[in-house]
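Engineer: Sending over a structure as structure tokens; questions will come in a sec.
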Amino acid sequence: MAADLKIPAFEATPIDTIAKVAATARESFRSQKTKDVEWRLVQLRKLYWGLTDYSEKFQAALKQDLNKPPHDAILSEIHHATQDLNLAIKKLKEWVKDDKNLDYPWTFTSMKPRIRKEPLGTVLIIGTYNFPLMLNVSPLVGAIAAGCTAVVKPSENAPASAMVLKEVIENYLDPSSFFVVNGAVPETTALLDEKWDKIFYTGNGAVARIISKKAAETLTPVVLELGGKNPSFISKSTDLALAARRLMWGKTINAGQVCLSQNYVAVQKDLVEDFIKHLNATYNEFYPNGPKASQDYARIVNERQFDRIKNLLDSTNGKIVMGGETDRSELYISPTVVLVDSIEDPMMQNESFGPIWSIIPYNTIDDAINIMNKVDPTPLSLTTFGSKAENEKILSHVTSGGATINDAWMHGAIATIPFGGVGESGTGSYHGRASFDCFTHRRTIVEVPGWMDKLLRVRYAPFAPADFKRHLWMTGSKPNFDRDGKPLSGPGYWLWLVFGLGGPSAKGALVRWLVLFAAACAGLTQYRRSW
């Protein structure tokens with residue numbers, strides 16, 4: 001089925017219909033139909049065909065919203081989301097199985113403890129503008145796979161993409177279970193006034209605080225996928241040409257509007273000049289006629305974001321050492337590098353979320369670590385190009401949502417592994433199995449047979465000391481550490497562990513051996529009867 005490439009004008013969802021949309025989604029969940037795994041698989045397969053059939057229309061929408069080249073639109077949006085989707089289709093029957101591989105005392109084996117995977121309910125997904133297809137579809141895949149119903153609120157800052165996404169969801173998915181609500185702040189506010197079983201938000205920290213505060217009123221759990229002032233590390237062990245090439249890619253795809261891309265690069269002081277030369281060489285290689293004339297370079301999403309980024313360049317005390325061109329009429333900002341000498345510089349204090357970044361020199365690796373932890377102690381992404389020992393030290397001393405060694409944010413480019421922030425850069429993760437888990441409640445279930453009541457006598461009044469002691473013998477264990485907290489590892493410990501069956505005392509071990517002997521006899525008798 002080929003989609004009509006004409007993209008309708010952006011239209012906000014009438015606010016007075018939003019309560020009904022949420023109610024319909026909740027009613028659909030209560031109908032129990034979404035708990036059927038085959039039903040979920042049908043929805044996922046239909047979504048696959050929706051993305052396939054609308055591929056060209058999505059490309060046109062992304063070109064209209066962000067001047068995103070077809071190559072980027074396919075690779076970072078359509079193909080990325082499809083990979084996530086295909087994994088869910090392939091693995092869902094495995095993911096939904098009860099988890100029986102649990103840790104518990106052997107005396108509870110007859111209760112068959114297990115974890116049942118159940119959908120959370122009706123969820124709200126609020127997307128953002130920089131990857132307006134992938135950042136909405138990927139969490140939706142998780143919601144569908146988990147058995148939830150969902151309402152998707154795309155960003156009004158990518159209006160063409162929002163309208164195309166609305167067409168796909170309305171034309172391919174169950175109309176009573178999945179909805180798109182378009183609009184801006186009033187529509188989002190109306191959505192937040194509804195009760196959800198989880199809210200998944202991608203965007204900035206300021207809005208995340210508003211959403212979290214509102215969600216707290218009804219104890220609604222949230223997933224927050226935010227950003228940060230992401231650091232990168234360059235040392236004498238770095239291949240400067242390779243690092244320049246890879247970091248340039250990471251900051252020029254989508255005109256740098258990538259929450260994972262580096263905000264600054266900490267460069268060993270005596271390497272700064274050479275690194276700048278490699279950056280400029282890469283710049284000229286990528287854009288021989290300049291980025292403005294290139295079909296492979298996107299634009300800033302709107303004038304508000306253009307002005308924000310331009311203000312950082314205007315207010316910096318640093319020196320522009322690459323790029324620096326801007327054109328508001330075209331929302332164009334060239335890839336730009338600013339050499340700064342202080343972490344107080346506006347380029348270091350603000351997330352750029354655009355094609356500009358700074359270089360800050362350092363003397364020792366400890367200086368670099370100190371810079372990173374002062375600028376942003378919990379960034380979304382960390383990239384390091386040092387030696388093995390340097391990289392390990394950076395990873396050990398600098399926290400981040402994710403990290404890539406010897407490249408720019410590739411940990412976020414693999415569509416099927418967990419992605420998420422920490423601290424100020426967010427909470428929760430998704431993609432692949434993590435998306436299913438994100439919208440799933442792990443429900444603990446035990447099944448207690450009637451014949452076990454004698455073993456459970458300890459819990460009934462009147463309480464008997466003998467029953468209590470027997471219970472402790474059967475469920476207790478001998479510690480494998482001494483009073484100083486040091487592990488016990490001598491021959492005596494291991495002999496007791498094996499022959500005492502882990503019991504805390506000789507009597508406890510004896511009881512366990514008797515129970516084991518009785519079980520063996522019963523099993524042998526049953527075996528002989530079967531013959």
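As shown in the structure tokens, the chain order sets the letters A, B, ...; within each chain, residues go from 1, and ligands are also counted from 1 in the order they appear.
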Set the distance at 7 Å and use only C-alpha atoms: which residues neighbour Gly228 (chain A) once local chain neighbours fewer than 5 positions away are removed? I'd like the list as an mmCIF file with all heavy atoms, in the first residue's frame.
Structural biologist:
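Printed below is around_33.cif as written:
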```
data_model
loop_
_atom_site.group_PDB
_atom_site.id
_atom_site.type_symbol
_atom_site.label_atom_id
_atom_site.label_comp_id
_atom_site.auth_asym_id
_atom_site.auth_seq_id
_atom_site.Cartn_x
_atom_site.Cartn_y
_atom_site.Cartn_z
ATOM 1 N N GLU A 351 23.766 23.156 27.741
ATOM 2 C CA GLU A 351 23.704 22.101 26.732
ATOM 3 C C GLU A 351 23.463 22.750 25.376
ATOM 4 O O GLU A 351 22.498 23.499 25.199
ATOM 5 C CB GLU A 351 22.570 21.125 27.058
ATOM 6 C CG GLU A 351 22.460 19.993 26.064
ATOM 7 C CD GLU A 351 21.297 19.046 26.361
ATOM 8 O OE1 GLU A 351 20.582 19.272 27.361
ATOM 9 O OE2 GLU A 351 21.115 18.088 25.583
ATOM 10 N N PRO A 379 25.837 13.222 33.063
ATOM 11 C CA PRO A 379 25.428 13.452 31.673
ATOM 12 C C PRO A 379 24.775 12.213 31.068
ATOM 13 O O PRO A 379 24.894 11.102 31.611
ATOM 14 C CB PRO A 379 26.748 13.771 30.967
ATOM 15 C CG PRO A 379 27.767 13.005 31.754
ATOM 16 C CD PRO A 379 27.291 13.087 33.179
ATOM 17 N N LEU A 380 24.108 12.405 29.956
ATOM 18 C CA LEU A 380 23.467 11.277 29.279
ATOM 19 C C LEU A 380 24.498 10.379 28.610
ATOM 20 O O LEU A 380 24.352 9.158 28.567
ATOM 21 C CB LEU A 380 22.471 11.794 28.234
ATOM 22 C CG LEU A 380 21.701 10.744 27.438
ATOM 23 C CD1 LEU A 380 20.860 9.875 28.373
ATOM 24 C CD2 LEU A 380 20.820 11.406 26.385
ATOM 25 N N SER A 425 20.087 13.427 33.760
ATOM 26 C CA SER A 425 19.874 13.071 32.353
ATOM 27 C C SER A 425 18.734 12.078 32.163
ATOM 28 O O SER A 425 18.463 11.658 31.031
ATOM 29 C CB SER A 425 21.161 12.509 31.736
ATOM 30 O OG SER A 425 21.614 11.356 32.407
#
```
Engineer: I need the alpha helix (DSSP H) residues of region 313-449 of chain A per DSSP on the backbone, written as number ranges by chain.
Structural biologist: A: 313-315, 346-349, 365-375, 388-397, 433-438
Engineer: When you look at Asn363 (chain A) with a cut-off of 10 Å (counting only C-alpha atoms), what residues show up, excluding the ones that are within fewer than 6 positions of it in the same chain? I need them as a list in words.
Structural biologist: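 Returned residues: Ser235, Ala266, Val267, Gln268, Lys269 and Asp270 of chain A.
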Engineer: Would you export the selected residues with N, CA, C and O atoms as a PDB file, in the first residue's frame, please?
Structural biologist:
```pdb
ATOM      1  N   SER A 235      43.398  12.167  24.585  1.00  0.00           N
ATOM      2  CA  SER A 235      44.704  12.145  25.241  1.00  0.00           C
ATOM      3  C   SER A 235      45.799  11.857  24.219  1.00  0.00           C
ATOM      4  O   SER A 235      45.536  11.706  23.021  1.00  0.00           O
ATOM      5  N   ALA A 266      37.390  17.423  26.211  1.00  0.00           N
ATOM      6  CA  ALA A 266      38.564  17.707  27.041  1.00  0.00           C
ATOM      7  C   ALA A 266      39.787  17.155  26.312  1.00  0.00           C
ATOM      8  O   ALA A 266      39.887  15.944  26.076  1.00  0.00           O
ATOM      9  N   VAL A 267      40.694  18.046  25.947  1.00  0.00           N
ATOM     10  CA  VAL A 267      41.854  17.673  25.127  1.00  0.00           C
ATOM     11  C   VAL A 267      43.138  18.001  25.885  1.00  0.00           C
ATOM     12  O   VAL A 267      43.279  19.112  26.425  1.00  0.00           O
ATOM     13  N   GLN A 268      44.049  17.040  25.930  1.00  0.00           N
ATOM     14  CA  GLN A 268      45.341  17.285  26.579  1.00  0.00           C
ATOM     15  C   GLN A 268      45.988  18.519  25.959  1.00  0.00           C
ATOM     16  O   GLN A 268      46.012  18.680  24.738  1.00  0.00           O
ATOM     17  N   LYS A 269      46.499  19.393  26.809  1.00  0.00           N
ATOM     18  CA  LYS A 269      46.870  20.749  26.407  1.00  0.00           C
ATOM     19  C   LYS A 269      47.772  20.808  25.186  1.00  0.00           C
ATOM     20  O   LYS A 269      47.534  21.585  24.259  1.00  0.00           O
ATOM     21  N   ASP A 270      48.812  19.968  25.127  1.00  0.00           N
ATOM     22  CA  ASP A 270      49.757  20.071  24.009  1.00  0.00           C
ATOM     23  C   ASP A 270      49.244  19.405  22.733  1.00  0.00           C
ATOM     24  O   ASP A 270      49.955  19.383  21.711  1.00  0.00           O
TER      25      ASP A 270
END
```
Engineer: Within 10 Å of region 131-150 of chain A, which residues of region 316-429 of chain A come that close, and what is the closest atom pair and distance in Å for each? Count only C-alpha atoms and give it as a tab-separated table.
Structural biologist:
```
residue	atom	partner	partner_atom	distance
A:Ala415	CA	A:Ser138	CA	8.9
A:Thr416	CA	A:Ser138	CA	9.9
A:Ser429	CA	A:Pro139	CA	9.7
```
Engineer: What does the file look like for those residues with all heavy atoms, as a compact mmCIF listing (two decimals), in the first residue's frame?
Structural biologist:
```txt
# COMPACT_ATOMS: atom_id res chain seq x y z
N ALA A 415 19.96 -0.22 18.09
CA ALA A 415 18.53 -0.04 18.37
C ALA A 415 17.96 -1.03 19.37
O ALA A 415 16.85 -0.83 19.87
CB ALA A 415 17.73 -0.14 17.06
N THR A 416 18.69 -2.10 19.68
CA THR A 416 18.08 -3.16 20.46
C THR A 416 18.70 -3.36 21.85
O THR A 416 18.41 -4.34 22.52
CB THR A 416 18.18 -4.49 19.69
OG1 THR A 416 19.55 -4.73 19.34
CG2 THR A 416 17.35 -4.43 18.41
N SER A 429 14.94 3.18 31.18
CA SER A 429 15.57 2.90 29.90
C SER A 429 14.61 2.16 28.98
O SER A 429 13.60 1.62 29.43
CB SER A 429 16.86 2.08 30.10
OG SER A 429 16.56 0.84 30.72
```
Engineer: Quote the spacing between CA of Thr384 (chain A) and CA of Ala413 (chain A) in Å to one decimal place.
Structural biologist: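 Straight-line distance from CA of Thr384 (chain A) to CA of Ala413 (chain A) works out to 16.3 Å.
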Engineer: Compile the contact shell of Lys310 (chain A) as a PyMOL selection string: residues with an atom at most 10 Å away, counting only C-alpha atoms, same-chain residues fewer than 3 positions apart removed.
Structural biologist: chain A and resi 304-307+313-315+324-328+333+352+354+356
Engineer: Output N, CA and C atoms of each residue in that selection to a file, as an mmCIF file, in the first residue's frame.
Structural biologist:
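Result saved to again.cif:
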```
data_model
loop_
_atom_site.group_PDB
_atom_site.id
_atom_site.type_symbol
_atom_site.label_atom_id
_atom_site.label_comp_id
_atom_site.auth_asym_id
_atom_site.auth_seq_id
_atom_site.Cartn_x
_atom_site.Cartn_y
_atom_site.Cartn_z
ATOM 1 N N ARG A 304 13.276 29.736 17.407
ATOM 2 C CA ARG A 304 13.536 29.775 18.851
ATOM 3 C C ARG A 304 14.807 29.012 19.194
ATOM 4 N N GLN A 305 14.952 27.826 18.644
ATOM 5 C CA GLN A 305 16.152 27.034 18.908
ATOM 6 C C GLN A 305 17.375 27.638 18.225
ATOM 7 N N PHE A 306 17.187 28.220 17.050
ATOM 8 C CA PHE A 306 18.296 28.906 16.378
ATOM 9 C C PHE A 306 18.823 30.037 17.252
ATOM 10 N N ASP A 307 17.930 30.847 17.772
ATOM 11 C CA ASP A 307 18.347 31.986 18.601
ATOM 12 C C ASP A 307 19.057 31.523 19.877
ATOM 13 N N LEU A 313 26.980 31.244 20.990
ATOM 14 C CA LEU A 313 28.152 31.683 20.218
ATOM 15 C C LEU A 313 28.438 33.166 20.454
ATOM 16 N N ASP A 314 27.392 33.943 20.607
ATOM 17 C CA ASP A 314 27.577 35.387 20.805
ATOM 18 C C ASP A 314 28.099 35.715 22.201
ATOM 19 N N SER A 315 27.782 34.876 23.170
ATOM 20 C CA SER A 315 28.134 35.196 24.556
ATOM 21 C C SER A 315 29.413 34.518 25.035
ATOM 22 N N GLY A 324 31.435 28.604 12.455
ATOM 23 C CA GLY A 324 30.994 29.893 12.970
ATOM 24 C C GLY A 324 29.962 30.589 12.115
ATOM 25 N N GLU A 325 29.605 30.027 10.962
ATOM 26 C CA GLU A 325 28.640 30.674 10.070
ATOM 27 C C GLU A 325 27.202 30.430 10.545
ATOM 28 N N THR A 326 26.367 31.455 10.420
ATOM 29 C CA THR A 326 24.955 31.329 10.769
ATOM 30 C C THR A 326 24.109 32.088 9.756
ATOM 31 N N ASP A 327 22.865 31.628 9.566
ATOM 32 C CA ASP A 327 21.921 32.308 8.685
ATOM 33 C C ASP A 327 20.519 32.019 9.215
ATOM 34 N N ARG A 328 19.956 32.997 9.896
ATOM 35 C CA ARG A 328 18.664 32.796 10.544
ATOM 36 C C ARG A 328 17.555 32.534 9.541
ATOM 37 N N ILE A 333 23.131 26.828 10.977
ATOM 38 C CA ILE A 333 24.314 27.070 11.798
ATOM 39 C C ILE A 333 25.335 26.014 11.412
ATOM 40 N N SER A 352 24.328 22.462 24.425
ATOM 41 C CA SER A 352 24.216 23.137 23.125
ATOM 42 C C SER A 352 23.053 22.597 22.300
ATOM 43 N N GLY A 354 22.882 21.265 19.479
ATOM 44 C CA GLY A 354 23.026 21.817 18.142
ATOM 45 C C GLY A 354 24.424 21.480 17.646
ATOM 46 N N ILE A 356 27.211 22.911 17.635
ATOM 47 C CA ILE A 356 28.339 23.649 18.208
ATOM 48 C C ILE A 356 28.843 22.930 19.459
#
```
Engineer: Residues at most 12 Å from Ala190 (chain A), counting only C-alpha atoms, excluding those fewer than 6 positions away in the same chain, as a list in words?
Structural biologist: Thr13, Pro14, Ile15, Asp16, Thr17, Ile18, Ala19, Lys20, Val21, Ala22, Leu124, Lys153, Val181, Asn182, Gly183, Ala184, Ile211 and Lys214 of chain A
Engineer: Nearest to Leu85 (chain A): which of A:Leu5, A:Leu47, A:Ala255, A:Val337 is it, counting only C-alpha atoms?
Structural biologist: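 Using only C-alpha atoms, Leu85 (chain A) sits closest to A:Leu47.
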